[in-house]
Amino acid sequence: MKFVAKMTRQSANVAMAALASVATAMNIDVNDQASIKEAAAQVAKGLYLYHDPSSTAGQFKQPQPWFWWESGSAWNGLMDYTVYTGDTTYKADLLSSLSQNLGANYDFAPSEQQNWEANDDQVYWVYNALSAMEYGFEALPCATSKANTDDNCVNSWLSIGTNAFEDFVTRWNKDSGTCGGGLKWQYIETADGYYYKNSVSNGGFFQTAARLARYTGNQTYGDWAAKVWDWSTSVGFVSADFHVYDGAGDDQNANCSAINKDEWSYNIATYLHGAAHMYNFTDGDSTWELRVQGLVKAAQSTFFGPTANATDVMYEQKCELDATCNVDQTSFKASLSRWLGKTAALVPSVKTNIETLLQASAMGAALSCSGYENSTCGVQWYTGGFDGQSDMGVELSALEAVQSLLATSAPELAVKS
């Protein structure tokens with residue numbers, strides 16, 4: 001992920017010209033699935049205006065520097081949309097893009113992104129394979145290797161997830177000379193950010209291992225998930241009260257001693273969903289349940305309640321109130337909504353609290369989707385309308401806020417038979 005200095009408002013011209021086909025008013029009844037699906041369909045149309053089959057940044061129009069990772073997140077949002085609503089409008093393009101970005105090693109490290117990709121970029125594409133695996137999503141056209149004697153597809157969703165997991169293990173072992181372990185943000189030594197270890201990368205490894213553990217029942221994945229969790233807490237990325245901080249430097253004996261305590265919603269969301277899978281994998285172990293509950297509590301206290309009369313509405317607390325979120329940061333709430341919804345489906349003790357938060361956020365997000373007289377969504381979901389800020393990340397966050405209300409009624413996340 002590549003950060004820029006200020007909010008990108010690239011969609012103003014796009015939205016004004018192209019969103020005319022989207023309904024101008026958006027009403028949502030959070031207790032009615034048909035209403036939720038209708039609202040999600042409207043927002044998905046707005047998001048899809050950024051689709052560009054010729055784009056080398058994941059088939060979505062993206063500003064420079066490239067935000068290939070965000071395209072991966074957008075496809076994950078559209079995969080959830082397809083599963084939750086049964087609407088297959090975007091399915092063919094989704095499968096095509098995943099195939100195009102898979103890379104020669106079937107791990108979402110394509111050569112086209114070799115000068116851009118970091119660990120967190122890769123894992124946001126890997127989440128697509130993990131979701132497809134769990135939902136029994138349509139497979140990619142089967143690819144086989146000459147060395148493969150049992151005709152298994154080397155590009156199955158499980159194989160892709162396993163390949164990426166092995167990438168992370170290799171990099172972890174290479175990077176363990178500092179901080180006692182942990183993935184670096186960048187895995188290319190010449191890249192800016194190579195001497196920084198961050199939560200979104202390590203949380204992504206944790207979540208990948210946890211989801212593979214739950215799906216396969218293989219303890220090796222569970223052991224790695226526990227190892228990453230333990231390291232994250234020992235180094236201080238995850239605090240004793242479950243706040244998740246951004247990361248720390250490891251250059252010139254820094255050894256992760258000075259934690260960057262910025263809190264972003266996608267960081268805590270990443271660990272939350274991994275912990276939910278570990279709770280399920282361990283048959284409801286109370287230690288993992290307490291961790292899930294602690295993460296939900298920390299997320300609620302940090303990323304909900306921008307104003308006194310919007311206590312359950314989600315916001316990106318580092319940048320949203322002063323309208324300085326960039327095109328990366330406007331998409332972070334998509335991750336929090338997405339994984340809160342799926343956590344509610346996995347951990348019964350947090351379901352009611354999460355649904356309260358998601359309902360208020362979805363209603364606020366829907367009200368924000370009134371921009372340019374054609375339902376363009378806004379960033380601030382507590383103003384009662386469109387706030388004038390729009391980009392691809394804004395649309396994706398609104399989509400996930402709305403459709404995550406359907407997560408607990410979606411098909412149950414599968415395990416390998």
# chains A, B, ... in the order shown; residues from 1 in each chain; ligands from 1

$ residues_around --residues "range 290-305 of chain A" --least-positions-apart "2" --cutoff "7 Å" --atoms "only C-alpha atoms" --output "ChimeraX atom specification"
/A:241-243,265,268,272,275-276,286-288,307-308,310-317,350

$ residues_around --residues "range 184-188 of chain A" --least-positions-apart "3" --cutoff "9 Å" --atoms "only C-alpha atoms" --output "PyMOL selection string"
chain A and resi 114-115+117-120+171-172+175+191-202+247+250

$ select_by_dssp --residues "range 25-217 of chain A" --states "strand (DSSP E or B)" --output "list in words"
His51, Phe60, Tyr196, Lys197 and Asn198 of chain A

$ closest_residue --among "A:Ser156, A:Ser54, A:Asn218, A:Ser234" --to "Leu102 in chain A" --atoms "only C-alpha atoms"
A:Ser156

$ residues_around --residues "Glu320 in chain A" --least-positions-apart "6" --cutoff "10 Å" --atoms "only C-alpha atoms" --output "NGL selection string"
:A and (7 or 306 or 326 or 329-330 or 379-380)

$ residues_around --residues "Leu396 in chain A" --least-positions-apart "2" --cutoff "7 Å" --atoms "only C-alpha atoms" --output "PyMOL selection string"
chain A and resi 47+74+331+334+392-394+398-400

$ write_last_selection --atoms "C-alpha atoms" --output "mmCIF file, in the first residue's frame"
data_model
loop_
_atom_site.group_PDB
_atom_site.id
_atom_site.type_symbol
_atom_site.label_atom_id
_atom_site.label_comp_id
_atom_site.auth_asym_id
_atom_site.auth_seq_id
_atom_site.Cartn_x
_atom_site.Cartn_y
_atom_site.Cartn_z
ATOM 1 C CA LEU A 47 -18.186 0.965 -7.153
ATOM 2 C CA ALA A 74 -12.739 -4.359 -4.070
ATOM 3 C CA SER A 331 -11.249 2.097 2.021
ATOM 4 C CA ALA A 334 -14.572 -1.692 4.248
ATOM 5 C CA MET A 392 -13.236 4.193 -5.070
ATOM 6 C CA GLY A 393 -12.404 3.488 -1.422
ATOM 7 C CA VAL A 394 -15.457 5.472 -0.324
ATOM 8 C CA ALA A 398 -20.214 1.964 1.842
ATOM 9 C CA LEU A 399 -20.836 -1.323 0.028
ATOM 10 C CA GLU A 400 -19.328 -3.376 2.840
#

$ residues_around --residues "Asp87 in chain A" --least-positions-apart "6" --cutoff "10 Å" --atoms "only C-alpha atoms" --output "list in words"
Lys37, Ala41, Leu78 and Tyr81 of chain A

$ select_by_dssp --residues "range 309-396 of chain A" --states "alpha helix (DSSP H)" --output "number ranges by chain"
A: 332-346, 348-368, 392-396

$ write_last_selection --atoms "C-alpha atoms" --output "PDB file, in the first residue's frame"
ATOM      1  CA  PHE A 332     -10.150   0.924   5.481  1.00  0.00           C
ATOM      2  CA  LYS A 333     -13.695   0.907   6.884  1.00  0.00           C
ATOM      3  CA  ALA A 334     -14.572  -1.692   4.248  1.00  0.00           C
ATOM      4  CA  SER A 335     -12.268  -4.146   6.029  1.00  0.00           C
ATOM      5  CA  LEU A 336     -13.745  -3.388   9.441  1.00  0.00           C
ATOM      6  CA  SER A 337     -17.328  -3.790   8.205  1.00  0.00           C
ATOM      7  CA  ARG A 338     -16.482  -6.936   6.230  1.00  0.00           C
ATOM      8  CA  TRP A 339     -14.768  -8.726   9.077  1.00  0.00           C
ATOM      9  CA  LEU A 340     -17.113  -7.553  11.801  1.00  0.00           C
ATOM     10  CA  GLY A 341     -19.953  -9.139   9.848  1.00  0.00           C
ATOM     11  CA  LYS A 342     -18.113 -12.412   9.348  1.00  0.00           C
ATOM     12  CA  THR A 343     -16.924 -12.453  12.951  1.00  0.00           C
ATOM     13  CA  ALA A 344     -20.538 -12.162  14.077  1.00  0.00           C
ATOM     14  CA  ALA A 345     -21.237 -15.319  12.074  1.00  0.00           C
ATOM     15  CA  LEU A 346     -18.413 -17.220  13.801  1.00  0.00           C
ATOM     16  CA  PRO A 348     -22.066 -15.970  18.922  1.00  0.00           C
ATOM     17  CA  SER A 349     -21.121 -13.960  22.019  1.00  0.00           C
ATOM     18  CA  VAL A 350     -20.323 -10.829  19.983  1.00  0.00           C
ATOM     19  CA  LYS A 351     -23.105 -11.152  17.395  1.00  0.00           C
ATOM     20  CA  THR A 352     -25.651  -8.807  19.004  1.00  0.00           C
ATOM     21  CA  ASN A 353     -23.152  -6.049  19.710  1.00  0.00           C
ATOM     22  CA  ILE A 354     -21.695  -6.235  16.205  1.00  0.00           C
ATOM     23  CA  GLU A 355     -25.113  -6.170  14.560  1.00  0.00           C
ATOM     24  CA  THR A 356     -25.996  -2.998  16.487  1.00  0.00           C
ATOM     25  CA  LEU A 357     -22.848  -1.302  15.209  1.00  0.00           C
ATOM     26  CA  LEU A 358     -23.307  -2.493  11.635  1.00  0.00           C
ATOM     27  CA  GLN A 359     -26.965  -1.463  11.494  1.00  0.00           C
ATOM     28  CA  ALA A 360     -26.243   2.102  12.582  1.00  0.00           C
ATOM     29  CA  SER A 361     -23.282   2.331  10.212  1.00  0.00           C
ATOM     30  CA  ALA A 362     -25.232   0.906   7.282  1.00  0.00           C
ATOM     31  CA  MET A 363     -28.054   3.397   7.787  1.00  0.00           C
ATOM     32  CA  GLY A 364     -25.552   6.251   7.922  1.00  0.00           C
ATOM     33  CA  ALA A 365     -23.681   4.973   4.879  1.00  0.00           C
ATOM     34  CA  ALA A 366     -26.914   4.699   2.888  1.00  0.00           C
ATOM     35  CA  LEU A 367     -27.862   8.270   3.780  1.00  0.00           C
ATOM     36  CA  SER A 368     -24.450   9.442   2.557  1.00  0.00           C
ATOM     37  CA  MET A 392     -13.236   4.193  -5.070  1.00  0.00           C
ATOM     38  CA  GLY A 393     -12.404   3.488  -1.422  1.00  0.00           C
ATOM     39  CA  VAL A 394     -15.457   5.472  -0.324  1.00  0.00           C
ATOM     40  CA  GLU A 395     -17.768   3.383  -2.507  1.00  0.00           C
ATOM     41  CA  LEU A 396     -16.185   0.129  -1.330  1.00  0.00           C
TER      42      LEU A 396
END

$ closest_residue --among "A:Phe386, A:Trp224, A:Trp66, A:Tyr127" --to "Val327 in chain A" --atoms "only C-alpha atoms"
A:Trp66

$ residues_around --residues "Tyr84 in chain A" --least-positions-apart "6" --cutoff "12 Å" --atoms "only C-alpha atoms" --output "VMD selection string"
chain A and resid 33 to 34 36 to 38 40 to 41 77 to 78 135 137 338 341 to 342 399 to 400 402 to 412

$ residues_around --residues "Gly217 in chain A" --least-positions-apart "4" --cutoff "12 Å" --atoms "only C-alpha atoms" --output "VMD selection string"
chain A and resid 209 to 213 221 to 223 277 to 278 280 to 283 414 to 417

$ write_last_selection --atoms "C-alpha atoms" --output "compact mmCIF listing (two decimals), in the first residue's frame"
# COMPACT_ATOMS: atom_id res chain seq x y z
CA ALA A 209 -2.96 -19.08 8.88
CA ALA A 210 -6.09 -19.01 11.05
CA ARG A 211 -8.45 -19.37 8.11
CA LEU A 212 -6.44 -22.24 6.66
CA ALA A 213 -6.39 -23.89 10.10
CA TYR A 221 -1.59 -23.59 10.38
CA GLY A 222 -3.05 -23.14 13.85
CA ASP A 223 0.42 -23.19 15.39
CA HIS A 277 -11.37 -18.24 13.00
CA MET A 278 -9.07 -19.41 15.79
CA ASN A 280 -13.89 -21.62 15.75
CA PHE A 281 -10.86 -23.80 14.98
CA THR A 282 -10.30 -24.47 18.69
CA ASP A 283 -13.97 -25.42 19.25
CA ALA A 414 -17.25 -24.28 5.01
CA VAL A 415 -14.58 -26.61 6.30
CA LYS A 416 -12.77 -29.15 4.16
CA SER A 417 -14.67 -32.43 4.04

$ closest_residue --among "A:Ser73, A:Thr162, A:Thr82, A:Thr88" --to "Tyr106 in chain A" --atoms "only C-alpha atoms"
A:Thr162

$ decode --residues "range 87-103 of chain A" --atoms "N, CA, C and O atoms" --output "PDB file, in the first residue's frame"
ATOM      1  N   ASP A  87     -26.669 -12.226  -6.737  1.00  0.00           N
ATOM      2  CA  ASP A  87     -26.554 -11.481  -7.987  1.00  0.00           C
ATOM      3  C   ASP A  87     -25.190 -11.784  -8.603  1.00  0.00           C
ATOM      4  O   ASP A  87     -24.153 -11.483  -8.016  1.00  0.00           O
ATOM      5  N   THR A  88     -25.168 -12.376  -9.790  1.00  0.00           N
ATOM      6  CA  THR A  88     -23.919 -12.806 -10.416  1.00  0.00           C
ATOM      7  C   THR A  88     -23.389 -11.804 -11.457  1.00  0.00           C
ATOM      8  O   THR A  88     -22.541 -12.148 -12.278  1.00  0.00           O
ATOM      9  N   THR A  89     -23.867 -10.564 -11.400  1.00  0.00           N
ATOM     10  CA  THR A  89     -23.483  -9.556 -12.390  1.00  0.00           C
ATOM     11  C   THR A  89     -21.972  -9.436 -12.549  1.00  0.00           C
ATOM     12  O   THR A  89     -21.459  -9.282 -13.665  1.00  0.00           O
ATOM     13  N   TYR A  90     -21.241  -9.497 -11.446  1.00  0.00           N
ATOM     14  CA  TYR A  90     -19.812  -9.191 -11.468  1.00  0.00           C
ATOM     15  C   TYR A  90     -18.941 -10.453 -11.427  1.00  0.00           C
ATOM     16  O   TYR A  90     -17.711 -10.354 -11.393  1.00  0.00           O
ATOM     17  N   LYS A  91     -19.563 -11.612 -11.446  1.00  0.00           N
ATOM     18  CA  LYS A  91     -18.835 -12.862 -11.204  1.00  0.00           C
ATOM     19  C   LYS A  91     -17.804 -13.160 -12.280  1.00  0.00           C
ATOM     20  O   LYS A  91     -16.655 -13.524 -11.976  1.00  0.00           O
ATOM     21  N   ALA A  92     -18.155 -13.025 -13.536  1.00  0.00           N
ATOM     22  CA  ALA A  92     -17.215 -13.352 -14.614  1.00  0.00           C
ATOM     23  C   ALA A  92     -16.000 -12.436 -14.576  1.00  0.00           C
ATOM     24  O   ALA A  92     -14.855 -12.893 -14.723  1.00  0.00           O
ATOM     25  N   ASP A  93     -16.223 -11.145 -14.393  1.00  0.00           N
ATOM     26  CA  ASP A  93     -15.099 -10.210 -14.324  1.00  0.00           C
ATOM     27  C   ASP A  93     -14.240 -10.480 -13.087  1.00  0.00           C
ATOM     28  O   ASP A  93     -13.006 -10.341 -13.135  1.00  0.00           O
ATOM     29  N   LEU A  94     -14.880 -10.839 -11.990  1.00  0.00           N
ATOM     30  CA  LEU A  94     -14.147 -11.171 -10.764  1.00  0.00           C
ATOM     31  C   LEU A  94     -13.204 -12.342 -10.996  1.00  0.00           C
ATOM     32  O   LEU A  94     -12.004 -12.268 -10.693  1.00  0.00           O
ATOM     33  N   LEU A  95     -13.721 -13.418 -11.545  1.00  0.00           N
ATOM     34  CA  LEU A  95     -12.889 -14.600 -11.785  1.00  0.00           C
ATOM     35  C   LEU A  95     -11.781 -14.294 -12.791  1.00  0.00           C
ATOM     36  O   LEU A  95     -10.649 -14.766 -12.644  1.00  0.00           O
ATOM     37  N   SER A  96     -12.095 -13.497 -13.801  1.00  0.00           N
ATOM     38  CA  SER A  96     -11.091 -13.121 -14.788  1.00  0.00           C
ATOM     39  C   SER A  96      -9.962 -12.336 -14.149  1.00  0.00           C
ATOM     40  O   SER A  96      -8.778 -12.588 -14.416  1.00  0.00           O
ATOM     41  N   SER A  97     -10.295 -11.371 -13.291  1.00  0.00           N
ATOM     42  CA  SER A  97      -9.265 -10.557 -12.660  1.00  0.00           C
ATOM     43  C   SER A  97      -8.417 -11.383 -11.703  1.00  0.00           C
ATOM     44  O   SER A  97      -7.182 -11.226 -11.658  1.00  0.00           O
ATOM     45  N   LEU A  98      -9.042 -12.267 -10.933  1.00  0.00           N
ATOM     46  CA  LEU A  98      -8.258 -13.107 -10.032  1.00  0.00           C
ATOM     47  C   LEU A  98      -7.280 -13.969 -10.816  1.00  0.00           C
ATOM     48  O   LEU A  98      -6.117 -14.134 -10.416  1.00  0.00           O
ATOM     49  N   SER A  99      -7.720 -14.490 -11.942  1.00  0.00           N
ATOM     50  CA  SER A  99      -6.848 -15.305 -12.775  1.00  0.00           C
ATOM     51  C   SER A  99      -5.688 -14.473 -13.333  1.00  0.00           C
ATOM     52  O   SER A  99      -4.533 -14.918 -13.346  1.00  0.00           O
ATOM     53  N   GLN A 100      -5.985 -13.262 -13.786  1.00  0.00           N
ATOM     54  CA  GLN A 100      -4.951 -12.403 -14.383  1.00  0.00           C
ATOM     55  C   GLN A 100      -3.896 -11.973 -13.380  1.00  0.00           C
ATOM     56  O   GLN A 100      -2.744 -11.728 -13.756  1.00  0.00           O
ATOM     57  N   ASN A 101      -4.268 -11.873 -12.109  1.00  0.00           N
ATOM     58  CA  ASN A 101      -3.358 -11.349 -11.097  1.00  0.00           C
ATOM     59  C   ASN A 101      -2.738 -12.424 -10.221  1.00  0.00           C
ATOM     60  O   ASN A 101      -2.033 -12.110  -9.257  1.00  0.00           O
ATOM     61  N   LEU A 102      -2.934 -13.676 -10.583  1.00  0.00           N
ATOM     62  CA  LEU A 102      -2.508 -14.780  -9.739  1.00  0.00           C
ATOM     63  C   LEU A 102      -0.996 -14.971  -9.720  1.00  0.00           C
ATOM     64  O   LEU A 102      -0.401 -15.268  -8.682  1.00  0.00           O
ATOM     65  N   GLY A 103      -0.346 -14.786 -10.857  1.00  0.00           N
ATOM     66  CA  GLY A 103       1.097 -14.949 -10.936  1.00  0.00           C
ATOM     67  C   GLY A 103       1.512 -16.376 -11.234  1.00  0.00           C
ATOM     68  O   GLY A 103       0.735 -17.331 -11.061  1.00  0.00           O
TER      69      GLY A 103
END
